[in-house]
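As provided, query.cif (mmCIF, C-alpha atoms) reads as follows.
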data_final
loop_
_atom_site.label_atom_id
_atom_site.label_comp_id
_atom_site.auth_asym_id
_atom_site.auth_seq_id
_atom_site.Cartn_x
_atom_site.Cartn_y
_atom_site.Cartn_z
CA MET A 1 -103.47 -240.91 292.60
CA LEU A 2 -104.98 -243.61 294.80
CA LYS A 3 -103.99 -243.95 298.46
CA ASP A 4 -105.09 -246.29 301.18
CA LYS A 5 -105.56 -245.51 304.84
CA PHE A 6 -101.94 -246.41 305.50
CA ASP A 7 -100.77 -243.70 303.04
CA TYR A 8 -99.65 -246.31 300.56
CA THR A 9 -99.95 -245.40 296.91
CA PRO A 10 -101.04 -248.43 294.93
CA LEU A 11 -101.86 -246.40 291.82
CA ALA A 12 -100.60 -243.15 290.25
CA THR A 13 -100.98 -242.00 286.71
CA THR A 14 -97.52 -240.43 286.73
CA ALA A 15 -94.28 -241.13 288.54
CA LEU A 16 -94.29 -237.52 289.67
CA PHE A 17 -96.90 -238.29 292.28
CA THR A 18 -94.69 -240.97 293.92
CA ASP A 19 -91.73 -238.59 294.19
CA ALA A 20 -90.72 -238.02 297.84
CA LYS A 21 -90.58 -234.24 297.49
CA PHE A 22 -94.01 -234.24 295.92
CA GLN A 23 -95.37 -236.44 298.68
CA LYS A 24 -93.98 -234.04 301.25
CA ILE A 25 -95.78 -231.10 299.63
CA PHE A 26 -98.87 -233.22 299.14
CA GLN A 27 -99.24 -233.62 302.92
CA GLN A 28 -100.49 -229.98 303.03
CA VAL A 29 -103.74 -230.93 301.32
CA ARG A 30 -104.01 -234.55 302.26
CA ASN A 31 -107.18 -234.15 304.23
CA ALA A 32 -108.82 -231.33 302.27
CA ASP A 33 -109.16 -229.92 298.78
CA GLY A 34 -106.59 -227.30 297.97
CA ILE A 35 -103.81 -225.98 295.80
CA ILE A 36 -100.21 -227.11 295.80
CA THR A 37 -97.21 -225.95 293.78
CA PHE A 38 -94.49 -228.36 292.63
CA GLN A 39 -91.73 -227.70 290.11
CA LYS A 40 -93.31 -224.34 289.09
CA GLU A 41 -96.58 -226.10 288.34
CA VAL A 42 -99.72 -225.29 290.25
CA TYR A 43 -102.24 -228.06 290.88
CA PHE A 44 -105.73 -228.00 292.24
CA VAL A 45 -106.23 -231.13 294.37
CA SER A 46 -109.66 -232.70 294.91
CA ARG A 47 -110.34 -235.98 296.74
CA GLU A 48 -113.00 -238.65 296.94
CA LYS A 49 -113.34 -241.44 299.59
CA LEU A 50 -113.77 -245.01 298.27
CA MET A 51 -114.52 -248.46 299.76
CA HIS A 52 -115.83 -247.33 303.13
CA ASP A 53 -113.13 -244.74 303.53
CA ASP A 54 -110.35 -247.33 303.18
CA MET A 55 -109.18 -245.79 299.95
CA THR A 56 -108.96 -242.16 298.79
CA LEU A 57 -108.78 -241.06 295.22
CA TYR A 58 -106.93 -237.81 294.58
CA ALA A 59 -107.31 -235.86 291.33
CA PHE A 60 -104.64 -233.30 290.42
CA THR A 61 -105.70 -230.62 287.91
CA PRO A 62 -102.86 -228.45 286.59
CA ILE A 63 -104.06 -224.82 286.67
CA THR A 64 -100.91 -222.87 285.79
CA ASN A 65 -101.93 -222.41 282.17
CA MET A 66 -105.48 -221.76 283.25
CA LEU A 67 -104.33 -219.06 285.66
CA THR A 68 -102.12 -217.63 282.95
CA GLN A 69 -105.10 -217.51 280.63
CA TYR A 70 -107.24 -215.97 283.33
CA VAL A 71 -104.59 -213.39 284.16
CA THR A 72 -104.04 -212.67 280.48
CA GLY A 73 -107.78 -212.35 279.94
CA LEU A 74 -108.13 -210.14 283.00
CA THR A 75 -105.19 -208.03 281.84
CA VAL A 76 -106.71 -207.65 278.40
CA LEU A 77 -110.07 -206.84 279.98
CA LEU A 78 -108.51 -204.25 282.25
CA ALA A 79 -106.54 -202.80 279.36
CA VAL A 80 -109.71 -202.58 277.25
CA LEU A 81 -111.56 -201.05 280.20
CA PHE A 82 -108.75 -198.54 280.76
CA LEU A 83 -108.69 -197.71 277.06
CA MET A 84 -112.46 -197.26 277.06
CA VAL A 85 -112.21 -194.98 280.09
CA LEU A 86 -109.54 -192.94 278.31
CA ILE A 87 -111.65 -192.72 275.16
CA ILE A 88 -114.72 -191.73 277.18
CA LEU A 89 -112.76 -189.12 279.13
CA PHE A 90 -111.25 -187.74 275.91
CA SER A 91 -114.66 -187.64 274.23
CA VAL A 92 -116.25 -185.98 277.26
CA LYS A 93 -113.40 -183.47 277.47
CA ARG A 94 -113.59 -182.69 273.75
CA GLU A 95 -117.37 -182.34 273.82
CA THR A 96 -117.17 -180.19 276.94
CA ARG A 97 -114.54 -177.98 275.30
CA GLN A 98 -116.67 -177.68 272.17
CA LYS A 99 -119.71 -176.73 274.22
CA VAL A 100 -117.75 -174.17 276.22
CA GLN A 101 -116.37 -172.69 272.99
CA ALA A 102 -119.86 -172.69 271.50
CA VAL A 103 -121.26 -170.89 274.55
CA GLU A 104 -118.42 -168.34 274.44
CA GLU A 105 -119.00 -167.74 270.73
CA LEU A 106 -122.73 -167.28 271.31
CA LEU A 107 -121.98 -164.83 274.13
CA GLN A 108 -119.64 -162.88 271.81
CA ALA A 109 -122.30 -162.91 269.10
CA PHE A 110 -124.99 -161.51 271.39
CA LYS A 111 -122.52 -158.98 272.82
CA ALA A 112 -121.77 -157.85 269.25
CA LEU A 113 -125.51 -157.64 268.58
CA GLU A 114 -125.94 -155.57 271.74
CA ASP A 115 -123.21 -153.22 270.50
CA GLY A 116 -124.98 -152.88 267.16
CA ASN A 117 -122.53 -155.02 265.18
CA LEU A 118 -124.71 -156.95 262.73
CA SER A 119 -121.81 -158.28 260.66
CA TYR A 120 -120.72 -160.83 263.29
CA LYS A 121 -121.60 -164.41 262.30
CA THR A 122 -121.22 -167.60 264.34
CA SER A 123 -119.37 -170.62 262.95
CA ILE A 124 -120.37 -173.35 265.41
CA THR A 125 -119.99 -176.89 264.03
CA THR A 126 -120.56 -179.00 267.14
CA GLY A 127 -123.33 -181.02 265.51
CA ASN A 128 -125.62 -180.55 268.51
CA GLU A 129 -128.15 -178.05 269.80
CA PHE A 130 -125.51 -175.30 269.99
CA GLU A 131 -125.00 -175.49 266.23
CA GLN A 132 -128.76 -175.12 265.79
CA ILE A 133 -128.73 -172.07 268.09
CA GLY A 134 -125.83 -170.59 266.10
CA GLN A 135 -127.65 -171.14 262.81
CA ALA A 136 -130.79 -169.58 264.28
CA TYR A 137 -128.73 -166.58 265.43
CA ASN A 138 -127.22 -166.13 261.95
CA LYS A 139 -130.68 -166.27 260.38
CA MET A 140 -131.96 -163.77 262.94
CA VAL A 141 -129.10 -161.34 262.21
CA ASP A 142 -129.69 -161.67 258.47
CA SER A 143 -133.37 -160.93 258.99
CA VAL A 144 -132.58 -157.92 261.18
CA ARG A 145 -130.11 -156.58 258.61
CA ALA A 146 -132.67 -157.04 255.84
CA LEU A 147 -135.33 -155.26 257.89
CA ILE A 148 -132.93 -152.43 258.75
CA ALA A 149 -131.93 -152.06 255.11
CA LEU A 150 -135.59 -152.00 254.09
CA ASN A 151 -136.39 -149.52 256.84
CA GLU A 152 -133.42 -147.35 255.84
CA GLU A 153 -134.65 -147.30 252.27
CA LYS A 154 -138.10 -146.27 253.44
CA VAL A 155 -136.68 -143.61 255.77
CA LYS A 156 -134.36 -142.38 253.02
CA ALA A 157 -137.25 -142.14 250.59
CA THR A 158 -139.33 -140.33 253.21
CA VAL A 159 -136.50 -137.91 253.98
CA ILE A 160 -135.88 -137.18 250.30
CA SER A 161 -139.59 -136.63 249.77
CA GLU A 162 -139.80 -134.29 252.76
CA VAL A 163 -136.67 -132.36 251.75
CA ARG A 164 -138.02 -131.86 248.24
CA GLN A 165 -141.32 -130.75 249.65
CA LEU A 166 -139.56 -128.23 251.88
CA GLU A 167 -137.46 -127.04 248.95
CA SER A 168 -140.56 -126.44 246.87
CA GLN A 169 -142.24 -124.24 249.48
CA PHE A 170 -141.27 -120.96 247.88
CA ASN A 171 -143.22 -118.17 249.58
CA PRO A 172 -146.20 -117.32 247.31
CA HIS A 173 -146.66 -113.97 249.07
CA PHE A 174 -143.22 -112.91 247.86
CA LEU A 175 -144.11 -113.79 244.26
CA PHE A 176 -147.49 -112.10 244.50
CA ASN A 177 -146.06 -108.89 245.98
CA THR A 178 -143.18 -108.86 243.47
CA LEU A 179 -145.54 -109.23 240.52
CA GLU A 180 -147.78 -106.50 241.93
CA ASN A 181 -144.77 -104.19 242.23
CA ILE A 182 -143.69 -105.04 238.69
CA LYS A 183 -147.20 -104.22 237.44
CA TYR A 184 -147.12 -100.75 238.95
CA MET A 185 -143.47 -100.08 238.05
CA VAL A 186 -144.09 -100.92 234.40
CA ARG A 187 -145.92 -97.59 234.21
CA LEU A 188 -143.82 -95.58 236.65
CA ASP A 189 -140.31 -96.88 235.93
CA PRO A 190 -140.11 -99.37 233.04
CA VAL A 191 -136.34 -99.75 233.39
CA ALA A 192 -136.64 -100.74 237.05
CA ALA A 193 -139.54 -103.07 236.20
CA SER A 194 -137.39 -104.75 233.55
CA LYS A 195 -134.56 -105.25 236.05
CA MET A 196 -137.01 -106.73 238.56
CA ILE A 197 -138.29 -109.16 235.95
CA VAL A 198 -134.74 -110.24 235.08
CA ALA A 199 -133.87 -110.70 238.77
CA LEU A 200 -137.09 -112.63 239.43
CA SER A 201 -136.55 -114.89 236.42
CA LYS A 202 -133.02 -115.71 237.59
CA LEU A 203 -134.30 -116.50 241.06
CA LEU A 204 -137.17 -118.67 239.81
CA ARG A 205 -134.94 -120.51 237.33
CA TYR A 206 -132.48 -121.19 240.16
CA SER A 207 -135.21 -122.43 242.51
CA ILE A 208 -136.80 -124.87 240.05
CA ASP A 209 -133.51 -126.33 238.81
CA THR A 210 -133.47 -129.87 240.22
CA THR A 211 -130.07 -130.85 238.82
CA GLN A 212 -128.27 -129.24 241.75
CA ARG A 213 -129.38 -129.48 245.34
CA MET A 214 -126.04 -128.66 246.94
CA VAL A 215 -124.21 -125.53 245.77
CA LEU A 216 -121.27 -123.41 246.87
CA LEU A 217 -122.06 -120.62 249.26
CA ALA A 218 -120.62 -118.20 246.68
CA GLU A 219 -123.18 -119.37 244.11
CA ASP A 220 -126.11 -119.17 246.48
CA LEU A 221 -125.09 -115.65 247.46
CA GLN A 222 -125.32 -114.58 243.79
CA TYR A 223 -128.99 -115.51 243.73
CA THR A 224 -129.44 -113.95 247.15
CA HIS A 225 -128.28 -110.74 245.51
CA SER A 226 -131.04 -111.13 242.91
CA TYR A 227 -133.55 -111.59 245.71
CA MET A 228 -132.26 -108.52 247.56
CA GLN A 229 -132.36 -106.51 244.33
CA ILE A 230 -136.07 -107.22 244.08
CA GLN A 231 -136.59 -106.33 247.74
CA LYS A 232 -134.70 -103.07 247.37
CA TYR A 233 -137.01 -102.08 244.53
CA ARG A 234 -139.92 -102.82 246.85
CA TYR A 235 -138.67 -101.02 249.97
CA GLY A 236 -136.41 -98.41 248.39
CA GLU A 237 -133.82 -96.64 250.51
CA ARG A 238 -135.28 -98.00 253.72
CA LEU A 239 -133.64 -101.38 253.13
CA HIS A 240 -129.89 -101.93 253.39
CA TYR A 241 -127.92 -105.14 252.89
CA LYS A 242 -124.36 -106.01 253.92
CA GLU A 243 -122.15 -109.08 253.77
CA ASP A 244 -119.16 -110.24 255.80
CA ILE A 245 -118.14 -113.51 254.16
CA GLU A 246 -114.90 -115.25 255.05
CA GLU A 247 -112.93 -116.33 251.99
CA GLU A 248 -112.75 -119.93 253.21
CA ALA A 249 -116.52 -120.06 253.66
CA LEU A 250 -117.25 -119.20 250.01
CA ASN A 251 -116.13 -122.69 248.91
CA CYS A 252 -118.36 -124.53 251.39
CA LEU A 253 -121.27 -126.62 250.07
CA ILE A 254 -124.72 -125.69 251.33
CA PRO A 255 -128.30 -126.65 250.39
CA LYS A 256 -129.64 -124.45 247.63
CA LEU A 257 -131.78 -121.45 248.67
CA ILE A 258 -131.07 -121.93 252.37
CA LEU A 259 -130.42 -118.21 252.98
CA GLN A 260 -133.37 -116.65 251.15
CA PRO A 261 -136.14 -117.81 253.54
CA VAL A 262 -134.21 -116.55 256.58
CA ILE A 263 -133.54 -113.14 254.99
CA GLU A 264 -137.18 -112.93 253.92
CA ASN A 265 -138.27 -113.69 257.47
CA ALA A 266 -135.99 -110.94 258.81
CA ILE A 267 -137.37 -108.38 256.35
CA LYS A 268 -140.98 -109.39 256.92
CA TYR A 269 -140.94 -109.18 260.74
CA GLY A 270 -138.10 -106.75 261.41
CA ASN A 271 -138.55 -103.74 259.14
CA GLN A 272 -141.81 -102.46 260.57
CA ASN A 273 -141.48 -98.91 261.90
CA VAL A 274 -137.73 -98.89 261.17
CA ALA A 275 -136.51 -96.02 259.00
CA ASN A 276 -133.20 -97.63 258.02
CA PHE A 277 -133.57 -101.37 258.15
CA MET A 278 -130.34 -103.32 257.87
CA VAL A 279 -129.83 -107.00 257.08
CA LYS A 280 -126.28 -108.33 257.42
CA VAL A 281 -125.12 -111.80 256.36
CA SER A 282 -121.90 -113.16 257.87
CA ALA A 283 -120.27 -116.53 257.16
CA HIS A 284 -117.30 -118.06 258.96
CA VAL A 285 -115.72 -121.50 259.23
CA VAL A 286 -115.37 -122.56 262.87
CA ASP A 287 -113.65 -125.94 263.36
CA ASP A 288 -115.84 -128.46 261.53
CA TYR A 289 -118.77 -126.08 261.21
CA LEU A 290 -119.83 -123.46 258.72
CA ARG A 291 -121.67 -120.77 260.65
CA ILE A 292 -123.87 -118.27 258.81
CA ASP A 293 -125.33 -115.40 260.83
CA ILE A 294 -128.21 -113.27 259.54
CA VAL A 295 -128.60 -110.22 261.75
CA ASP A 296 -131.08 -107.36 261.47
CA ASN A 297 -131.57 -104.14 263.38
CA GLY A 298 -135.34 -104.39 263.52
CA ARG A 299 -137.65 -104.16 266.47
CA GLY A 300 -136.52 -107.53 267.79
CA ILE A 301 -138.50 -110.52 268.90
CA ALA A 302 -140.51 -110.78 272.10
CA SER A 303 -139.46 -113.37 274.70
CA ALA A 304 -142.76 -115.24 274.49
CA GLN A 305 -142.59 -115.41 270.71
CA LEU A 306 -138.95 -116.55 270.83
CA LYS A 307 -139.88 -119.42 273.16
CA GLU A 308 -142.75 -120.34 270.85
CA ILE A 309 -140.48 -120.47 267.78
CA GLN A 310 -137.82 -122.46 269.64
CA ALA A 311 -140.48 -124.96 270.70
CA VAL A 312 -141.62 -125.28 267.07
CA LEU A 313 -138.07 -125.95 265.91
CA GLU A 314 -137.75 -128.87 268.33
CA LYS A 315 -140.75 -130.67 266.81
CA GLU A 316 -140.77 -132.94 263.77
CA GLY A 317 -144.04 -131.46 262.56
CA ASN A 318 -145.14 -127.86 262.22
CA ASP A 319 -148.70 -126.64 262.65
CA SER A 320 -147.73 -123.05 263.47
CA ALA A 321 -147.37 -119.98 261.28
CA HIS A 322 -143.54 -120.04 261.42
CA HIS A 323 -143.02 -121.93 258.17
CA GLY A 324 -139.90 -120.20 256.83
CA LEU A 325 -137.56 -120.76 259.76
CA TYR A 326 -138.98 -124.21 260.46
CA ASN A 327 -138.45 -125.30 256.84
CA VAL A 328 -134.80 -124.19 256.92
CA HIS A 329 -134.16 -125.88 260.28
CA ARG A 330 -135.93 -129.06 259.19
CA ARG A 331 -134.04 -129.25 255.89
CA LEU A 332 -130.68 -128.91 257.64
CA GLN A 333 -131.50 -131.63 260.17
CA LEU A 334 -132.85 -134.02 257.57
CA ILE A 335 -129.77 -133.57 255.38
CA TYR A 336 -127.03 -133.38 258.04
CA GLY A 337 -128.46 -134.68 261.31
CA SER A 338 -129.66 -133.34 264.64
CA ASN A 339 -126.36 -131.58 265.42
CA TYR A 340 -127.12 -128.99 262.75
CA GLY A 341 -129.87 -126.47 262.20
CA ILE A 342 -130.65 -122.89 263.23
CA LYS A 343 -130.56 -120.97 266.48
CA ILE A 344 -132.39 -117.73 267.20
CA ALA A 345 -131.23 -115.03 269.61
CA ARG A 346 -132.39 -111.53 270.52
CA GLY A 347 -130.05 -108.60 270.01
CA LEU A 348 -128.55 -106.79 272.98
CA LYS A 349 -130.75 -103.76 272.35
CA VAL A 350 -132.72 -104.32 269.16
CA GLY A 351 -132.82 -106.75 266.28
CA THR A 352 -132.68 -110.50 265.87
CA LYS A 353 -129.82 -112.86 265.13
CA ILE A 354 -130.45 -116.14 263.33
CA SER A 355 -127.49 -118.52 263.09
CA LEU A 356 -127.29 -121.42 260.67
CA PHE A 357 -124.95 -124.30 261.58
CA LEU A 358 -123.83 -126.57 258.72
CA PRO A 359 -120.95 -129.03 258.30
CA ASN A 360 -117.75 -127.70 256.73
CA LYS A 361 -118.06 -129.61 253.45
CA ARG A 362 -116.28 -128.76 250.22
CA LEU A 363 -116.06 -130.04 246.68
#
Mind turning the file's structure into structure tokens?
Amino acid sequence: MLKDKFDYTPLATTALFTDAKFQKIFQQVRNADGIITFQKEVYFVSREKLMHDDMTLYAFTPITNMLTQYVTGLTVLLAVLFLMVLIILFSVKRETRQKVQAVEELLQAFKALEDGNLSYKTSITTGNEFEQIGQAYNKMVDSVRALIALNEEKVKATVISEVRQLESQFNPHFLFNTLENIKYMVRLDPVAASKMIVALSKLLRYSIDTTQRMVLLAEDLQYTHSYMQIQKYRYGERLHYKEDIEEEALNCLIPKLILQPVIENAIKYGNQNVANFMVKVSAHVVDDYLRIDIVDNGRGIASAQLKEIQAVLEKEGNDSAHHGLYNVHRRLQLIYGSNYGIKIARGLKVGTKISLFLPNKRL
């Protein structure tokens, strides 16, 4: 639209610009660039002076559609930005939750390891460093389990070897003395010598039989009778033997030849200077234990010697002369654990009491 200095409009590209209502609104931006709104249309008005300021050229640029496009674009941009923020927040929240869960699972895994539970495995699938830590933990547990299994096999083999070695330590002095007695009794009393040979053969056959390592107490007592028969031929009427065996105890499983070394020890150290030496074997089931007491009426054991033997029993190795009792105690602990073994006590007046504690196991 072209206007002169008298506000006359000699030229307009559209009749809209000559409309009185439009002219009235136009007066708001007559002397400056600006924005006017007419008939719901928004125009940006710019002006340029012509012919020494006698004429002014006004250009009207409709911006309604442009604003709509800008607003639409801004709305879309804001919507995309909002959606991106939501996605980022959701991703951060999910990743944070996964990391927290991974940390909790790792804490549970190490707590299980601390408690000795080696079967617990992690299942972390976060795809980050926590998954690598979980996989490393699983590999570590597998390695520990393999090492423990290998160590258990070695310990088991060592224990079996030591138990068999202890089982094989039959007292050679007993065999030597028995054979010497048999040699003399062949001339003096052939019948008694024959009985001693039969009893000794039964005992030796029983001791070298490797097919059975655990037997019923009733069975082991039968071979204890063979052993005592030999000893009675050696010591004559000086030696007496009694039993007080509870019926329930007869069916308990015990290691083979666990009584003979203890009885031999009682006879060897207790019968000196005793006219009527008595060995009594008692067996009773007490709760989960089988208790076997071997009591003699010998001269007893000195306090210093008792402390020495008790100290030997607490060791894993034995370099003392107390082989019989140590072998029995060691066998019981290797087979059943540290809660089992033997205890030694002095009698009230004379004698010694040796108690064997075994688990109450049956066929």
Go through A:Ile87, A:Asp33, A:Val42, A:Leu290 and flag the residue nearest Thr68 (chain A), using only C-alpha atoms for the distances.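 Among the listed residues, the smallest separation from Thr68 (chain A) belongs to A:Val42.
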All residues 10 Å or closer to Leu313 (chain A), all atoms listed in the file, same chain fewer than 6 positions away omitted, as a PyMOL selection string: chain A and resi 307+322+325-330+341-343
Find the spatial neighbours of Tyr184 (chain A), counting all atoms listed in the file, within a cut-off of 12 Å - ignore same-chain residues fewer than 6 positions away - and output them as a short mmCIF file (atom, residue, chain, number, x, y, z; two decimals) with C-alpha atoms, in the coordinates of the input.
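Below is the file that was written, around.cif:
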data_model
loop_
_atom_site.label_atom_id
_atom_site.label_comp_id
_atom_site.auth_asym_id
_atom_site.auth_seq_id
_atom_site.Cartn_x
_atom_site.Cartn_y
_atom_site.Cartn_z
CA ASN A 177 -146.06 -108.89 245.98
CA THR A 178 -143.18 -108.86 243.47
CA PRO A 190 -140.11 -99.37 233.04
CA ALA A 192 -136.64 -100.74 237.05
CA ALA A 193 -139.54 -103.07 236.20
CA SER A 194 -137.39 -104.75 233.55
CA MET A 196 -137.01 -106.73 238.56
CA TYR A 233 -137.01 -102.08 244.53
CA ARG A 234 -139.92 -102.82 246.85
#
Neighbours of Lys24 (chain A) within 12 Å (only C-alpha atoms; same-chain residues fewer than 5 positions away dropped), as number ranges by chain? A: 7, 17-19, 29-30, 36-38
For region 310-314 of chain A, what centre and edge lengths in Å (one decimal) does the axis-aligned box get once 5 Å is added on each side of all its listed atoms, as AutoDock Vina command-line options?
--center_x -139.7 --center_y -125.7 --center_z 268.3 --size_x 13.9 --size_y 16.4 --size_z 14.8
Which residues, named as in the file, does the PyMOL selection byres ((chain A and resi 13) around 12) pick out? Answer as a list in words.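 Written out, the selection comes to Met1, Leu2, Thr9, Pro10, Leu11, Ala12, Thr14, Ala15, Leu16, Phe17, Thr18, Leu57, Tyr58, Ala59 and Phe60 of chain A.
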Apply the PyMOL selection byres ((chain A and resi 207-223) around 8) to the structure shown and report the selected residues as JSON, numbers by chain. {"A": [168, 202, 203, 204, 205, 206, 224, 225, 226, 227, 249, 250, 251, 252, 253, 254, 255, 256, 257, 259]}
Please evaluate the PyMOL selection byres ((chain A and resi 267) around 9) against the displayed coordinates and give the resulting residues as a PyMOL selection string. chain A and resi 231+239+262-266+268-272+277-279+296+298
One decimal, Å: what's the distance from CA of Met55 (chain A) over to CA of Phe6 (chain A), could you say?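 One can read the CA of Met55 (chain A) to CA of Phe6 (chain A) distance as 9.1 Å.
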Name the closest residue to Pro62 (chain A) among the candidates A:Leu179, A:Phe82, A:Arg47, A:Ile35; distances are taken between atoms, counting all atoms listed in the file. A:Ile35
Residue nearest Val286 (chain A) - candidates A:Tyr8, A:Phe357, A:Tyr336, A:Tyr241, atoms counted: only C-alpha atoms: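 Counting only C-alpha atoms, the residue closest to Val286 (chain A) is A:Phe357.
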Straight-line distance linking CA of Asp244 (chain A) with CA of Ala283 (chain A), stated in Å to one decimal: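 Spanning CA of Asp244 (chain A) to CA of Ala283 (chain A) is a straight-line distance of 6.5 Å.
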Report, in Å with one decimal, the straight-line distance from CA of Lys139 (chain A) to CA of Lys99 (chain A).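 These atoms are spaced 20.5 Å apart.
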Near-Thr125 (chain A) list (10 Å; all atoms listed in the file; drop same-chain fewer than 3 positions) as a list in words: Gln98, Ala102, Thr122, Asn128, Phe130, Glu131, Gln132, Gly134 and Gln135 of chain A
Counting all atoms listed in the file, which of A:Asn65, A:Ser282, A:Ser201, A:Thr75 gets nearest to Glu246 (chain A)?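 Nearest candidate to Glu246 (chain A) out of A:Asn65, A:Ser282, A:Ser201, A:Thr75: A:Ser282.
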Given the choices A:Met185, A:Leu358, A:Met51, A:Ile301, which gets closest to Val285 (chain A) if the distance is worked out from all atoms listed in the file?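 Of A:Met185, A:Leu358, A:Met51, A:Ile301, the one nearest Val285 (chain A), counting all atoms listed in the file, is A:Leu358.
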Neighbourhood query: residues within 10 Å of (-122.0, -159.8, 258.0), file coordinates, counting all atoms listed in the file; return as a VMD selection string. chain A and resid 117 to 121 138 141 to 142 145
Kindly export the residues of the current selection with C-alpha atoms, as a compact mmCIF listing (two decimals), keeping the file's coordinate frame.
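That gives us part-v1.txt:
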# COMPACT_ATOMS: atom_id res chain seq x y z
CA ASN A 117 -122.53 -155.02 265.18
CA LEU A 118 -124.71 -156.95 262.73
CA SER A 119 -121.81 -158.28 260.66
CA TYR A 120 -120.72 -160.83 263.29
CA LYS A 121 -121.60 -164.41 262.30
CA ASN A 138 -127.22 -166.13 261.95
CA VAL A 141 -129.10 -161.34 262.21
CA ASP A 142 -129.69 -161.67 258.47
CA ARG A 145 -130.11 -156.58 258.61
Show me, as an NGL selection string, the residues that have an atom within 9 Å of Val274 (chain A) when counting all atoms listed in the file, minus same-chain residues fewer than 5 positions from it. :A and (238 or 297-299)
